[in-house]
Amino acid sequence: MVKQPKILIVEDDERVRDALVDLLKEWGYSADTAANGTEAWEKIEGVEPAVVLSDLQMPGLTGLDLLKRTRQFSPAISFIMLTGHGTIQHAVEATRLGAFDFLEKGTDPAHLQVVLRNCLDRHEGERQLQIAHRKLRDLGALGKLVGNSKKMRQVMSLIQLVAPSAAPVLITGESGTGKEVVARTIHELSPYRSHSFVAVNCAAIPETLIESELFGHEKGAFTGAFESRMGCFELAQGGTLLLDEIGEMPLTAQAKLLRVLEDSKVRRLGAKSETTISVRVLASTNRPPEEAIKSGNLRRDLYYRLNVVHIAMPPLRDHPEDLEILAASLVEDLCQKHNRPTKAIDPEALRLMYEYPWPGNVRELRNVLERAVVTCAGDVIMPGDLSNPVRGLAAAVTV
Ligand SMILES: Nc1ncnc2c1ncn2[C@@H]1O[C@H](COP(=O)(O)OP(=O)(O)OP(=O)(O)O)[C@@H](O)[C@H]1O
Ligand SMILES: [Mg+2]
């Protein structure tokens, strides 16, 4: 039998609650109830309903409080807010915080039925996607991430485990190991994927501009601020923000960032009011974070906040068994990019690639193969198509 998705009704007025239960039963759904926000929160944590249908105004934990907690706990749960008359601003606030929809009490039941149907379809889509990606992982790929070794499989399992949640993830690993690929994969597998993925390289932005870049600014906030501008947090609203090279961020910006993460609110430079944000935050660094903390470049409290889940990308030399599958997948990609029919790799060329230590990791592998794909005339990549260091020769002197 197909497992029925659970719908939780949260309503302090018993008559309204019972009427809703009757309606849902009539439509063939199984409904659970809670008489207040606190009781509802216990049930949400316990049974993870597919949909929460909640009253806005309740004594104690309000509908908005419940919505915030639910979004943090699992964005896969759809939230429909039921509102009384004259509470339109709250309803707007609710949709901004990620409520799927809001309905006025006493609304046409047929409308409620449509909204519920959409919610459940979304939930089912989410479930199917997870299943599809699990299958993909078994074939040695998860989204754009390729690898079949034990190390890469561990990485893929961890990604699948954390993607559906709102937890921050810290991704570490040497340059070119695929940290950004991991971040994008997490985004693609998460309920945030219908909104933007924004990556900001903290090392590439001048110290004086970083806060404005992250948090935005109002017109006239500083010399040269001719117009107000959204920051990365606002740009990533509802989606995912990757803070790349987090250890390179100035300490004052780190302190502000921590506050934004704690409060889920951002204030543009020079602004009076704050904006509530619902953004999945990922961070990455190619230097060991412990070292950055020791040298005073990374705030320990920020590190703890970001390091809820840690994904460590192995350097390519530690999972050489992935070289062949990686090379094949990259060649396929690159041939497509350069409009060439897919090429094979000669066994001797592959042997040379196994002997090379790949200090630049998968990025270097990709670069070497890109050159090979472009210069190779035939349909097999030969040793001569590989660049000198890979062939064991000193690099050609370029002037
Ligand atoms: N496991 C992987 N599967 C497929 N492609 C990969 C993998 N790892 C890396 N790549 C490819 O290698 C290149 C570099 O990856 P990415 O930009 O994610 O590295 P990075 O760890 O963020 O590096 P940096 O620290 O220099 O920013 C990209 O072109 C990416 O497509
Ligand atoms: Mg990167």
# chains A, B, ... in the order shown; residues from 1 in each chain; ligands from 1

$ closest_atom_pairs --of "segment 45-141 of chain A" --to "segment 190-211 of chain A" --cutoff "8 Å" --atoms "only C-alpha atoms" --output "JSON lines"
{"residue": "A:Pro75", "atom": "CA", "partner": "A:Pro191", "partner_atom": "CA", "distance": 6.0}
{"residue": "A:Ala76", "atom": "CA", "partner": "A:Pro191", "partner_atom": "CA", "distance": 5.8}
{"residue": "A:Glu126", "atom": "CA", "partner": "A:Pro191", "partner_atom": "CA", "distance": 7.6}

$ residues_near_ligand --ligand "ligand 2" --cutoff "12 Å" --atoms "only C-alpha atoms and all ligand atoms" --output "PyMOL selection string"
chain A and resi 171-184+199-204+242-246+282-287+313+362-363

$ closest_residue --among "A:Val52, A:Gln4, A:Ala166, A:Ser149" --to "Gly28 of chain A" --atoms "only C-alpha atoms"
A:Gln4

$ residues_around --residues "segment 108-117 of chain A" --least-positions-apart "2" --cutoff "10 Å" --atoms "only C-alpha atoms" --output "list in words"
Ile7, Leu20, Leu23, Leu24, Trp27, Val51, Val52, Leu53, Ser78, Phe79, Ile80, Phe100, Asp101, Phe102, Leu103, Glu104, Lys105, Gly106, Cys119, Leu120, Asp121, Arg122 and His123 of chain A

$ select_by_dssp --residues "segment 104-185 of chain A" --states "strand (DSSP E or B)" --output "number ranges by chain"
A: 104, 141-142, 145-146, 169-172

$ select_by_dssp --residues "segment 259-306 of chain A" --states "alpha helix (DSSP H)" --output "list in words"
Arg259, Val260, Leu261, Glu262, Asp263, Pro289, Glu290, Glu291, Ala292, Ile293, Lys294, Arg300, Asp301, Leu302, Tyr303, Tyr304, Arg305 and Leu306 of chain A

$ residues_around --residues "Pro341 of chain A" --least-positions-apart "6" --cutoff "9 Å" --atoms "only C-alpha atoms" --output "PyMOL selection string"
chain A and resi 332+335+379

$ write_last_selection --atoms "N, CA and C atoms" --output "PDB file, in the first residue's frame"
ATOM      1  N   GLU A 332      33.909  13.562 -21.933  1.00  0.00           N
ATOM      2  CA  GLU A 332      32.579  13.622 -22.540  1.00  0.00           C
ATOM      3  C   GLU A 332      32.023  15.055 -22.476  1.00  0.00           C
ATOM      4  N   CYS A 335      34.111  17.394 -24.790  1.00  0.00           N
ATOM      5  CA  CYS A 335      33.835  17.181 -26.210  1.00  0.00           C
ATOM      6  C   CYS A 335      32.524  17.869 -26.577  1.00  0.00           C
ATOM      7  N   ASP A 379      40.160  10.230 -32.887  1.00  0.00           N
ATOM      8  CA  ASP A 379      39.105  10.057 -31.883  1.00  0.00           C
ATOM      9  C   ASP A 379      39.600   9.339 -30.634  1.00  0.00           C
TER      10      ASP A 379
END

$ residues_around --residues "Asp301 of chain A" --least-positions-apart "4" --cutoff "9 Å" --atoms "only C-alpha atoms" --output "list in words"
Ala255, Leu258, Arg305 and Leu306 of chain A

$ write_last_selection --atoms "C-alpha atoms" --output "short mmCIF file (atom, residue, chain, number, x, y, z; two decimals), in the first residue's frame"
data_model
loop_
_atom_site.label_atom_id
_atom_site.label_comp_id
_atom_site.auth_asym_id
_atom_site.auth_seq_id
_atom_site.Cartn_x
_atom_site.Cartn_y
_atom_site.Cartn_z
CA ALA A 255 31.54 39.22 13.37
CA LEU A 258 27.88 35.59 12.60
CA ARG A 305 28.34 28.12 13.45
CA LEU A 306 29.35 27.12 9.91
#

$ closest_residue --among "A:Arg366, A:Lys151, A:Arg127, A:Arg69" --to "ligand 1" --atoms "only C-alpha atoms and all ligand atoms"
A:Arg366

$ residues_around --residues "Glu274 of chain A" --least-positions-apart "5" --cutoff "7 Å" --atoms "only C-alpha atoms" --output "list of chain:residue names"
A:Lys265, A:Val266, A:Arg267

$ residues_around --residues "Glu45 of chain A" --least-positions-apart "2" --cutoff "10 Å" --atoms "only C-alpha atoms" --output "list in words"
Ala40, Trp41, Glu42, Lys43, Val47, Glu48, Pro49, Arg69, Thr70, Phe73 and Ser74 of chain A

$ write_last_selection --atoms "C-alpha atoms" --output "CSV table (one decimal), in the first residue's frame"
chain,number,residue,atom,x,y,z
A,40,ALA,CA,2.4,21.1,16.9
A,41,TRP,CA,6.2,21.6,17.1
A,42,GLU,CA,6.5,18.3,19.0
A,43,LYS,CA,4.5,16.5,16.3
A,47,VAL,CA,6.5,12.6,12.6
A,48,GLU,CA,7.7,15.1,9.9
A,49,PRO,CA,4.4,15.7,8.2
A,69,ARG,CA,11.1,26.7,13.2
A,70,THR,CA,9.7,24.3,10.6
A,73,PHE,CA,14.1,22.0,10.7
A,74,SER,CA,13.1,20.8,7.3

$ closest_residue --among "A:Val368, A:Val331, A:Tyr354, A:His319" --to "Lys150 of chain A" --atoms "only C-alpha atoms"
A:His319

$ closest_residue --among "A:Pro168, A:Gly247, A:Gly63, A:Gly360" --to "ligand 1" --atoms "only C-alpha atoms and all ligand atoms"
A:Gly360

$ closest_residue --among "A:Leu251, A:Met152, A:Ala349, A:Val146" --to "ligand 1" --atoms "only C-alpha atoms and all ligand atoms"
A:Val146

$ atom_distance --atom1 "atom CA of Ser278 of chain A" --atom2 "atom CA of Pro5 of chain A"
25.2 Å

$ closest_residue --among "A:Pro347, A:Pro289, A:Pro314, A:Pro389" --to "Asn361 of chain A" --atoms "only C-alpha atoms"
A:Pro314

$ decode --residues "segment 173-190 of chain A" --atoms "C-alpha atoms" --output "tab-separated table (two decimals), in the first residue's frame"
chain	number	residue	atom	x	y	z
A	173	GLY	CA	39.82	20.51	0.63
A	174	GLU	CA	42.78	21.51	-1.50
A	175	SER	CA	42.31	23.73	-4.51
A	176	GLY	CA	40.59	22.01	-7.43
A	177	THR	CA	39.13	19.11	-5.43
A	178	GLY	CA	35.54	20.01	-6.28
A	179	LYS	CA	34.36	22.08	-3.32
A	180	GLU	CA	32.19	24.28	-5.50
A	181	VAL	CA	30.81	21.24	-7.32
A	182	VAL	CA	29.80	19.85	-3.92
A	183	ALA	CA	28.16	23.13	-2.95
A	184	ARG	CA	26.16	23.24	-6.19
A	185	THR	CA	25.15	19.61	-5.77
A	186	ILE	CA	23.87	20.29	-2.25
A	187	HIS	CA	21.86	23.20	-3.65
A	188	GLU	CA	20.45	21.11	-6.50
A	189	LEU	CA	19.33	18.37	-4.13
A	190	SER	CA	17.83	20.73	-1.59
